[in-house]
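So this one's data.txt, compact mmCIF, C-alpha atoms and all ligand atoms:
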# COMPACT_ATOMS: atom_id res chain seq x y z
CA MET D 1 1.63 -2.03 16.91
CA THR D 2 4.70 -3.53 18.54
CA LEU D 3 8.18 -3.74 17.10
CA ASP D 4 9.31 -7.27 17.74
CA ALA D 5 12.81 -8.61 17.80
CA ALA D 6 12.74 -10.64 14.59
CA PRO D 7 15.97 -11.21 12.60
CA ALA D 8 18.01 -8.13 11.77
CA THR D 9 17.76 -6.52 8.33
CA THR D 10 20.31 -3.80 9.00
CA ILE D 11 23.99 -3.20 8.50
CA ASN D 12 24.09 -1.23 11.73
CA GLU D 13 24.52 -2.61 15.21
CA ARG D 14 20.96 -2.29 16.56
CA PRO D 15 18.63 -4.59 14.61
CA LEU D 16 15.53 -3.26 12.90
CA PRO D 17 12.47 -5.50 12.95
CA ALA D 18 11.83 -7.79 9.98
CA THR D 19 8.12 -7.75 10.86
CA PHE D 20 5.63 -5.47 12.59
CA THR D 21 2.73 -6.96 14.54
CA LEU D 22 -0.77 -5.91 13.44
CA ASN D 23 -3.53 -5.15 15.95
CA ASN D 24 -4.89 -8.72 15.69
CA GLY D 25 -1.50 -10.36 16.30
CA VAL D 26 -0.73 -11.13 12.63
CA GLU D 27 2.90 -10.47 11.65
CA ILE D 28 3.52 -8.33 8.57
CA PRO D 29 6.97 -8.26 6.90
CA THR D 30 8.21 -4.67 7.09
CA VAL D 31 9.07 -4.30 3.38
CA GLY D 32 6.56 -5.38 0.75
CA LEU D 33 6.92 -5.57 -3.02
CA GLY D 34 4.57 -3.20 -4.83
CA THR D 35 3.04 -4.60 -8.04
CA TRP D 36 1.15 -1.54 -9.36
CA GLN D 37 2.20 -1.01 -13.00
CA ALA D 38 4.32 -4.15 -13.05
CA PRO D 39 3.97 -5.08 -16.77
CA LEU D 40 2.19 -8.38 -17.46
CA ASN D 41 5.05 -9.92 -19.42
CA VAL D 42 7.58 -9.57 -16.59
CA THR D 43 5.47 -9.79 -13.41
CA ARG D 44 5.66 -13.57 -13.01
CA GLU D 45 9.43 -13.62 -13.31
CA ALA D 46 9.94 -10.54 -11.11
CA VAL D 47 7.74 -11.94 -8.31
CA SER D 48 9.45 -15.31 -8.45
CA PHE D 49 12.90 -13.67 -8.40
CA ALA D 50 11.89 -11.36 -5.54
CA LEU D 51 10.66 -14.24 -3.38
CA LYS D 52 13.85 -16.20 -4.06
CA GLN D 53 15.84 -13.14 -2.97
CA GLY D 54 14.00 -12.95 0.35
CA TYR D 55 10.88 -10.83 -0.14
CA ARG D 56 8.02 -12.28 1.89
CA HIS D 57 5.35 -9.64 1.30
CA LEU D 58 3.53 -8.85 -1.97
CA ASP D 59 1.17 -5.90 -2.35
CA CYS D 60 -1.43 -6.55 -5.04
CA ALA D 61 -4.84 -5.28 -6.13
CA TYR D 62 -7.63 -6.50 -8.40
CA ILE D 63 -7.36 -3.32 -10.49
CA TYR D 64 -3.64 -3.81 -11.17
CA LEU D 65 -4.85 -6.53 -13.58
CA ASN D 66 -1.76 -8.66 -12.99
CA GLU D 67 -2.88 -10.88 -10.09
CA ARG D 68 -2.77 -14.03 -12.25
CA GLU D 69 0.88 -13.36 -13.02
CA VAL D 70 1.61 -12.65 -9.34
CA GLY D 71 0.05 -15.99 -8.37
CA GLU D 72 2.13 -17.76 -11.02
CA GLY D 73 5.22 -16.05 -9.67
CA ILE D 74 4.50 -17.27 -6.15
CA ARG D 75 4.18 -20.86 -7.37
CA ALA D 76 7.25 -20.59 -9.62
CA SER D 77 9.37 -19.36 -6.70
CA GLY D 78 8.99 -22.58 -4.74
CA VAL D 79 8.45 -20.54 -1.56
CA PRO D 80 5.57 -22.10 0.43
CA ARG D 81 2.32 -20.10 0.39
CA SER D 82 2.31 -19.99 4.18
CA GLU D 83 5.59 -18.02 4.16
CA VAL D 84 4.34 -15.26 1.85
CA PHE D 85 2.23 -12.35 3.09
CA VAL D 86 -0.18 -11.46 0.27
CA THR D 87 -2.28 -8.29 0.26
CA SER D 88 -5.03 -7.39 -2.18
CA LYS D 89 -7.71 -4.70 -2.42
CA VAL D 90 -11.39 -4.58 -3.23
CA TRP D 91 -11.94 -2.45 -6.32
CA ASN D 92 -14.32 0.53 -6.20
CA LEU D 93 -16.79 -1.26 -8.47
CA HIS D 94 -17.14 -4.22 -6.09
CA GLN D 95 -17.78 -2.39 -2.81
CA ASP D 96 -21.42 -3.53 -2.78
CA ASP D 97 -20.31 -7.19 -2.66
CA VAL D 98 -16.89 -7.42 -1.00
CA GLY D 99 -17.12 -11.20 -0.79
CA ALA D 100 -17.53 -11.53 -4.57
CA GLY D 101 -14.70 -9.02 -5.11
CA LEU D 102 -12.39 -11.11 -2.96
CA GLU D 103 -13.41 -14.33 -4.73
CA ARG D 104 -12.37 -12.79 -8.06
CA THR D 105 -8.98 -11.91 -6.60
CA LEU D 106 -8.49 -15.34 -5.00
CA GLU D 107 -9.30 -17.00 -8.31
CA ASN D 108 -6.82 -14.74 -10.11
CA LEU D 109 -4.08 -15.38 -7.57
CA GLY D 110 -4.91 -19.09 -7.28
CA LEU D 111 -5.02 -18.80 -3.49
CA GLU D 112 -7.47 -19.85 -0.77
CA TYR D 113 -7.05 -16.72 1.35
CA VAL D 114 -5.19 -13.40 1.47
CA ASP D 115 -3.19 -12.22 4.45
CA LEU D 116 -4.54 -8.69 4.21
CA TYR D 117 -7.55 -7.35 2.32
CA LEU D 118 -7.97 -3.60 1.92
CA VAL D 119 -10.62 -1.17 0.71
CA HIS D 120 -8.77 0.36 -2.26
CA TRP D 121 -10.44 3.81 -2.13
CA PRO D 122 -13.23 5.24 0.03
CA ILE D 123 -15.30 5.56 -3.13
CA ARG D 124 -17.84 3.33 -4.83
CA PHE D 125 -18.31 3.37 -8.62
CA PHE D 126 -21.68 2.77 -10.26
CA PRO D 127 -21.45 -0.23 -12.57
CA ASP D 128 -21.82 0.47 -16.29
CA PRO D 129 -21.27 -2.71 -18.30
CA SER D 130 -21.57 -0.75 -21.57
CA ALA D 131 -18.74 1.66 -20.67
CA PRO D 132 -15.63 1.44 -22.90
CA ASN D 133 -13.75 0.30 -19.78
CA PRO D 134 -16.36 -1.17 -17.41
CA LEU D 135 -13.83 -1.28 -14.55
CA ARG D 136 -13.50 2.51 -14.76
CA PRO D 137 -16.97 3.78 -15.70
CA LEU D 138 -16.98 7.41 -16.81
CA ASN D 139 -19.65 10.08 -17.13
CA PRO D 140 -19.98 11.91 -20.48
CA ASP D 141 -17.83 14.73 -19.03
CA GLY D 142 -14.96 12.32 -18.38
CA THR D 143 -15.34 12.15 -14.59
CA TYR D 144 -15.75 8.84 -12.78
CA LYS D 145 -19.27 7.53 -12.07
CA VAL D 146 -18.98 7.89 -8.30
CA ASP D 147 -21.90 6.78 -6.13
CA ARG D 148 -22.08 9.87 -3.93
CA ALA D 149 -24.71 8.38 -1.63
CA TRP D 150 -22.73 5.25 -0.80
CA ASP D 151 -21.88 4.81 2.88
CA GLN D 152 -18.43 3.32 3.50
CA ALA D 153 -19.86 1.64 6.60
CA ARG D 154 -21.56 -0.81 4.21
CA THR D 155 -18.26 -1.62 2.53
CA TRP D 156 -16.60 -2.11 5.91
CA ALA D 157 -19.37 -4.48 7.03
CA GLY D 158 -18.53 -6.56 3.93
CA MET D 159 -14.85 -6.47 4.91
CA GLU D 160 -15.71 -7.66 8.42
CA ALA D 161 -17.69 -10.55 6.90
CA VAL D 162 -14.77 -11.85 4.79
CA TYR D 163 -12.53 -11.52 7.84
CA ALA D 164 -14.98 -13.51 9.96
CA ALA D 165 -15.13 -16.15 7.21
CA GLY D 166 -11.34 -16.59 7.35
CA LYS D 167 -10.79 -15.45 3.75
CA ALA D 168 -8.53 -12.63 4.96
CA ARG D 169 -6.22 -12.89 7.98
CA ALA D 170 -6.46 -9.12 8.50
CA ILE D 171 -8.47 -6.27 6.96
CA GLY D 172 -7.82 -2.59 6.45
CA VAL D 173 -8.25 0.43 4.22
CA CYS D 174 -6.31 2.54 1.74
CA ASN D 175 -6.44 6.27 1.05
CA PHE D 176 -8.49 7.00 4.18
CA SER D 177 -7.94 10.47 5.66
CA VAL D 178 -8.65 11.24 9.34
CA PRO D 179 -12.24 12.47 8.66
CA TYR D 180 -13.02 9.29 6.74
CA LEU D 181 -11.50 7.11 9.47
CA GLU D 182 -13.47 8.98 12.11
CA ALA D 183 -16.68 8.38 10.18
CA LEU D 184 -15.87 4.67 9.81
CA SER D 185 -15.02 4.38 13.52
CA ARG D 186 -18.64 5.16 14.46
CA THR D 187 -19.75 1.74 13.21
CA TRP D 188 -16.68 -0.46 12.88
CA LYS D 189 -16.64 -3.65 14.93
CA VAL D 190 -13.19 -4.65 13.71
CA VAL D 191 -10.63 -1.82 13.84
CA PRO D 192 -8.72 -1.69 10.52
CA ALA D 193 -5.28 -3.26 10.87
CA VAL D 194 -3.75 -1.06 8.18
CA ASN D 195 -4.21 2.20 6.29
CA GLN D 196 -2.25 2.28 3.03
CA VAL D 197 -1.56 5.78 1.67
CA GLU D 198 0.91 7.59 -0.57
CA ASN D 199 3.87 8.26 1.66
CA HIS D 200 7.42 9.57 1.26
CA PRO D 201 9.29 12.56 2.75
CA PHE D 202 7.38 14.98 0.47
CA LEU D 203 4.10 13.57 1.87
CA PRO D 204 4.91 12.16 5.32
CA GLN D 205 1.31 12.45 6.59
CA HIS D 206 2.43 13.04 10.20
CA ALA D 207 -1.06 13.87 11.55
CA LEU D 208 -2.64 10.85 9.89
CA LYS D 209 0.16 8.64 11.23
CA ALA D 210 -0.38 9.96 14.78
CA TRP D 211 -4.12 9.27 14.52
CA CYS D 212 -3.48 5.72 13.28
CA ASP D 213 -0.69 5.06 15.81
CA ALA D 214 -3.06 6.00 18.66
CA ARG D 215 -5.51 3.32 17.49
CA GLY D 216 -3.03 0.59 16.64
CA ILE D 217 -3.49 1.01 12.87
CA VAL D 218 -0.27 0.42 10.90
CA LEU D 219 0.40 2.88 8.09
CA GLU D 220 1.65 1.44 4.80
CA ALA D 221 3.48 3.61 2.26
CA TYR D 222 2.65 3.26 -1.41
CA SER D 223 4.89 5.11 -3.85
CA PRO D 224 7.66 5.29 -1.19
CA LEU D 225 10.07 6.37 -3.97
CA GLY D 226 7.53 8.77 -5.46
CA GLY D 227 5.84 6.34 -7.86
CA PRO D 228 6.53 5.95 -11.61
CA GLY D 229 9.92 7.42 -12.44
CA ALA D 230 10.74 7.66 -8.70
CA PRO D 231 11.07 11.50 -8.63
CA VAL D 232 11.79 11.71 -4.88
CA LEU D 233 15.06 9.84 -5.46
CA GLN D 234 16.51 12.89 -7.21
CA ASP D 235 16.01 15.27 -4.28
CA GLU D 236 19.28 16.85 -3.13
CA ASP D 237 18.55 16.41 0.59
CA ILE D 238 17.78 12.73 0.12
CA VAL D 239 20.87 12.25 -2.02
CA ALA D 240 22.91 13.94 0.76
CA VAL D 241 21.50 11.58 3.43
CA ALA D 242 22.30 8.65 1.13
CA LYS D 243 25.91 9.79 0.65
CA ARG D 244 26.36 10.32 4.39
CA ASN D 245 25.18 6.76 5.08
CA GLY D 246 26.97 5.16 2.14
CA VAL D 247 23.71 3.78 0.70
CA SER D 248 21.48 4.53 -2.30
CA PRO D 249 18.69 7.15 -2.18
CA ALA D 250 16.18 4.28 -2.54
CA THR D 251 17.60 2.64 0.58
CA VAL D 252 17.17 5.94 2.44
CA LEU D 253 13.51 6.26 1.41
CA ILE D 254 12.67 2.63 2.25
CA SER D 255 14.60 2.77 5.53
CA TYR D 256 12.92 6.07 6.48
CA GLN D 257 9.59 4.28 6.59
CA VAL D 258 10.75 1.20 8.52
CA ASN D 259 12.54 3.43 11.04
CA ARG D 260 9.25 5.25 11.75
CA GLY D 261 7.16 2.08 11.96
CA VAL D 262 5.61 2.40 8.50
CA VAL D 263 5.55 -0.49 5.95
CA PRO D 264 7.07 0.65 2.61
CA LEU D 265 5.88 -1.01 -0.61
CA PRO D 266 8.54 -0.18 -3.23
CA LYS D 267 7.74 -1.38 -6.74
CA SER D 268 10.35 -2.71 -9.12
CA VAL D 269 10.71 -5.34 -11.80
CA SER D 270 14.47 -4.90 -12.24
CA HIS D 271 16.61 -7.56 -10.57
CA GLU D 272 19.22 -5.09 -9.42
CA ARG D 273 16.66 -2.74 -7.86
CA LEU D 274 14.64 -5.55 -6.32
CA VAL D 275 17.76 -6.66 -4.45
CA GLN D 276 18.69 -3.08 -3.53
CA ASN D 277 15.21 -2.41 -2.14
CA LEU D 278 15.47 -5.23 0.39
CA ARG D 279 18.20 -3.36 2.19
CA VAL D 280 17.07 -1.48 5.31
CA VAL D 281 19.41 0.53 7.50
CA ARG D 282 18.96 2.33 10.80
CA LEU D 283 19.01 6.10 10.27
CA SER D 284 20.21 8.54 12.92
CA ALA D 285 17.77 10.78 14.80
CA GLU D 286 19.25 13.75 12.90
CA ASP D 287 18.64 12.15 9.49
CA MET D 288 15.10 11.14 10.49
CA ALA D 289 14.37 14.71 11.66
CA LEU D 290 15.69 16.11 8.39
CA LEU D 291 13.54 13.72 6.32
CA ASP D 292 10.50 14.32 8.57
CA GLY D 293 10.81 18.06 7.99
CA LEU D 294 11.30 18.26 4.20
CA ALA D 295 7.59 18.71 3.39
CA ALA D 296 7.19 21.47 5.98
CA ARG D 297 10.25 23.20 4.50
CA GLY D 298 8.59 23.71 1.13
CA LYS D 299 8.85 20.32 -0.58
CA ALA D 300 5.33 19.06 0.12
CA GLN D 301 3.99 17.23 -2.91
CA ARG D 302 1.35 14.60 -3.58
CA LEU D 303 2.29 12.66 -6.71
CA ASN D 304 -0.72 10.38 -7.22
CA LYS D 305 -4.09 12.13 -7.66
CA PRO D 306 -6.66 10.10 -9.59
CA PRO D 307 -9.40 12.40 -10.95
CA PHE D 308 -12.27 11.24 -8.73
CA CYS D 309 -13.63 14.81 -8.36
CA TRP D 310 -14.53 13.87 -4.81
CA ASP D 311 -13.38 15.26 -1.46
CA LEU D 312 -11.28 12.57 0.17
CA GLY D 313 -10.64 14.67 3.27
CA PHE D 314 -6.91 15.26 2.72
CA ASP D 315 -5.89 18.89 3.34
CA ASP D 316 -3.56 19.00 0.35
CA TRP D 317 -6.01 17.47 -2.15
CA ASP D 318 -8.94 19.55 -3.50
P1 LIG D 401 11.55 -0.20 -12.09
O1 LIG D 401 10.31 -0.99 -11.89
O2 LIG D 401 12.00 -0.16 -13.53
O3 LIG D 401 12.65 -0.60 -11.14
P2 LIG D 401 7.49 3.46 -6.09
O4 LIG D 401 8.00 2.26 -5.38
O5 LIG D 401 7.58 4.71 -5.30
O6 LIG D 401 6.13 3.24 -6.67
O7 LIG D 401 8.49 3.74 -7.32
C1 LIG D 401 8.54 2.86 -8.39
C2 LIG D 401 9.43 3.44 -9.46
O8 LIG D 401 10.77 3.51 -8.98
C3 LIG D 401 9.46 2.59 -10.67
O9 LIG D 401 9.60 3.47 -11.80
C4 LIG D 401 10.72 1.75 -10.49
O10 LIG D 401 11.23 1.36 -11.75
C5 LIG D 401 11.63 2.71 -9.78
N1 LIG D 401 12.57 2.09 -8.81
C6 LIG D 401 12.32 1.08 -7.97
N2 LIG D 401 13.38 0.81 -7.20
C7 LIG D 401 14.35 1.69 -7.56
C8 LIG D 401 15.67 1.91 -7.12
N3 LIG D 401 16.23 1.17 -6.17
N4 LIG D 401 16.39 2.89 -7.73
C9 LIG D 401 15.82 3.64 -8.72
N5 LIG D 401 14.57 3.48 -9.17
C10 LIG D 401 13.83 2.51 -8.60
Can you give me the file's structure in the form of structure tokens?
Amino acid sequence: MTLDAAPATTINERPLPATFTLNNGVEIPTVGLGTWQAPLNVTREAVSFALKQGYRHLDCAYIYLNEREVGEGIRASGVPRSEVFVTSKVWNLHQDDVGAGLERTLENLGLEYVDLYLVHWPIRFFPDPSAPNPLRPLNPDGTYKVDRAWDQARTWAGMEAVYAAGKARAIGVCNFSVPYLEALSRTWKVVPAVNQVENHPFLPQHALKAWCDARGIVLEAYSPLGGPGAPVLQDEDIVAVAKRNGVSPATVLISYQVNRGVVPLPKSVSHERLVQNLRVVRLSAEDMALLDGLAARGKAQRLNKPPFCWDLGFDDWD
């Protein structure tokens, strides 16, 4: 990854990049709008407003079940498609036919291609059309119907095919730990451009970031504020950094990621917070060191743990 000298997004003197460059040369805007749990009745308006305010990156997924509204928001904004970086993710149920999974998403969004297509989880679900919720098939004991024999290399081959077909300008993964990436690397022909994981100062994932950095894989941060309810915003150390810099705690958490070369994906549907979350400031080396060290000093916490009952290879997740 290179940090290019695109227009400044900072109040400080040295400009921060507005885009990072992925390992295939595609430019990715450094701050993306998360759409997980954006309610259906406000998503269209929030996306349109966000694009009018200057967002140029939308993070979506088939399973968020709001891609139609996101697509409508893009069209309502008047911002040309070519200026918006759109990400989506193949759902666990569709890993055996990535091309068909992507077609469903493109139809929902009303688009011809996505800029980035990701494997949502390194897990395949068995289909069960008779399940109460066929998108989330459950066993009688309440656990997910995970296909334990499925090889992620097969999913990645499907990802490489949609990339070769030009349906995705870049491809990558989500929620891949180092052991899972190492396994994938034995057969990948295209190196993932991105790995999207939960990331904030309570879960900075330093070792995973170093592994990805060494291979030119950009890390993206979902739940950069801690997810629903944004619990990390309340932390006293983060509030202190915010006060010292004269910015909000959300600006600190979003800026933390951009300053370390990670793409944050803050979610909001409130106008005021959408505008606030576009602000990125350069943080001092001292502030970055403090934020980098919070997890090691007893604040480590993973906030999003879906009950897959499956070892995903993360040390902190049984
Ligand atoms: P809302 O959508 O009502 O703004 P994350 O990005 O880590 O997933 O966090 C999303 C949560 O943080 C949502 O509950 C969102 O609520 C809230 N949020 C987003 N931006 C801000 C902000 N600038 N200040 C406070 N809370 C925020």
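The protein and nucleic acid residues lying at most 9 Å from range 46-52 of chain D are Leu33, Thr35, Ala38, Leu58, Glu69, Val70, Gly71, Glu72, Gly73, Ile74, Arg75, Ala76, Ser77, Gly78, Val79, Val84, Ser268, Val269, Ser270, His271, Leu274 and Val275 of chain D, with only C-alpha atoms considered and sequence neighbours fewer than 6 positions away removed.
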Quiz item: Within 9 Å of range 158-175 of chain D, counting only C-alpha atoms, which residues qualify if same-chain residues fewer than 3 places away don't, as a VMD selection string?
Solution: chain D and resid 22 to 24 26 87 89 95 to 99 102 to 103 112 to 122 153 to 155 188 to 198 217 220 312
Exercise. List every protein, DNA or RNA residue that has an atom no more than 12 Å from (10.2, 11.2, 8.1) in the file's coordinate frame, counting only C-alpha atoms, and report them as JSON, numbers by chain.
Key: {"D": [199, 200, 201, 202, 203, 204, 205, 206, 209, 221, 224, 238, 252, 253, 254, 255, 256, 257, 258, 259, 260, 261, 262, 283, 284, 285, 286, 287, 288, 289, 290, 291, 292, 293, 294, 295, 296]}
Practice problem: Please identify the residues whose atoms come within 7 Å of ligand LIG 401 (chain D), using only C-alpha atoms and all ligand atoms, and report them as a ChimeraX atom specification. | Solution: /D:34,38,222-230,250,265-270,273-274,276-277
Quiz item: Could you pull the residues within 12 Å of Arg104 in chain D, counting all atoms listed in the file, minus those fewer than 3 positions along the same chain, as a PyMOL selection string?
Solution: chain D and resi 61-63+65+67-68+88-91+94+97-101+107-114
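Using all atoms listed in the file, the smallest distance between any of D:Arg148, D:His57, D:Arg279, D:Arg215 and Val263 in chain D comes from D:His57.
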Quiz item: Nearest to Leu278 in chain D among D:Pro231, D:Thr251, D:Glu45, D:Leu93, with distances taken over all atoms listed in the file: which residue is it?
Solution: D:Thr251
Practice problem: With a distance cut-off of 9 Å and all atoms listed in the file, select the neighbouring residues of range 133-143 of chain D, excluding the residue or stretch itself and same-chain residues fewer than 3 positions from it, and output the selection as number ranges by chain. | Solution: D: 63, 91-93, 125-130, 146, 307-309
Exercise. Could you jot down the CA of Thr187 in chain D to CA of Trp150 in chain D separation for me, Å, one decimal place?
Key: 14.7 Å
Exercise. Would you work out the distance separating CA of Val178 in chain D from CA of Trp156 in chain D, expressed in Å to one decimal?
Key: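 Straight-line distance from CA of Val178 in chain D to CA of Trp156 in chain D works out to 15.9 Å.
You will find CA of Leu16 in chain D at 6.9 Å from CA of Arg282 in chain D.
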If I wrap all listed atoms of range 230-236 of chain D in a box with edges along x, y and z and add 4 Å on each side, what are its centre and edge lengths in Å to one decimal, as JSON?
{"center_x": 15.0, "center_y": 12.3, "center_z": -5.9, "size_x": 16.5, "size_y": 17.2, "size_z": 13.6}
Quiz item: Hey, which of D:Glu236, D:Trp211, D:Thr21, D:Tyr55 ends up closest to Lys299 in chain D? Count only C-alpha atoms.
Solution: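 Using only C-alpha atoms, the shortest distance to Lys299 in chain D belongs to D:Glu236.
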Quiz item: D:Pro39, D:Pro264, D:Pro179, D:Pro249: which is nearest Leu233 in chain D, counting all atoms listed in the file?
Solution: D:Pro249
